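Here's the structure, in structure tokens; my notes come after.
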Amino acid sequence: MGINETANYILFYNPISSGAADIVKLTTHALGNTLGNLTALIVPKPQPPTTVVMEPLPLWQLASSGGYYVKLAGILGASAVALGAYGAHSTFPKDDKIELKEVFERANKYHFIHSLAMLGVPLCRYPKTSGTFFMLGIAMFSGTCYYLALTGDRSFNKITPIGGICFILGWLALAL
């Protein structure tokens, strides 16, 4: 036996040292459990937060809870398609400054996009605000563009930018 093996035997592996190590392990374990129990008495464990579990619903049922807006989106979408078809097959008055067919197409595009946006209105926090702004935007922006394209009359052109602002406010209300 070399010096290292002898030292290890004397310090760690002889029957007296290993018995003392077992006693230290048991004492430490018991003391740790006791301290853990005392800590539990002194500092109570916080209660986990309550969890609310909702029944999973299909998106169409969730959206139909705001049925007014979904129906309105359907009507607006149908009218956008009908007006788009009308504009694609009609003749427009002559205007030297702008191409009235492009004005009509722009009105129809914004009308259609915001009709689809109305489907998301029941799912937002402020559906009345968002829906109202979208409706005003469709009426003031798309409506005045349709009027200009079909008649060539520019008398309502000052309302068109207000309709664009209503679209922006509708999107912001949808985002909040």
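Labels for the structure tokens follow display order: chains A, B, ..., residues from 1 in each chain, ligands from 1.
All residues of protein, DNA or RNA that reach within 8 Å of Lys101 of chain A, judged by only C-alpha atoms and not counting those fewer than 6 positions away in the chain, are Gly87, Phe92 and Ala149 of chain A.
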Contact residues around Ser142 of chain A with only C-alpha atoms at 7 Å, ignoring same-chain residues under 4 positions, as a ChimeraX atom specification = /A:107-108,110-111,138,146
Shell of 12 Å around segment 121-136 of chain A, only C-alpha atoms, local chain residues under 2 positions omitted, as an MDAnalysis selection string = chainID A and resid 59:73 75:76 110:119 138:144 159:176
Pick from A:Leu100, A:Gly120, A:Ser79, A:Lys94, whichever lies nearest to Cys145 of chain A using only C-alpha atoms =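 Residue with the minimum atom-to-atom distance to Cys145 of chain A: A:Leu100.
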Just the alpha helix (DSSP H) stuff from segment 50-170 of chain A, please, per backbone DSSP, written as an MDAnalysis selection string.
-> chainID A and resid 59:64 67:89 100:117 127:137 143:151 160:170
Quick one: of A:Leu150, A:Asp96, A:Val103, A:Lys109, who's nearest to Gly84 of chain A, counting only C-alpha atoms?
-> A:Lys109
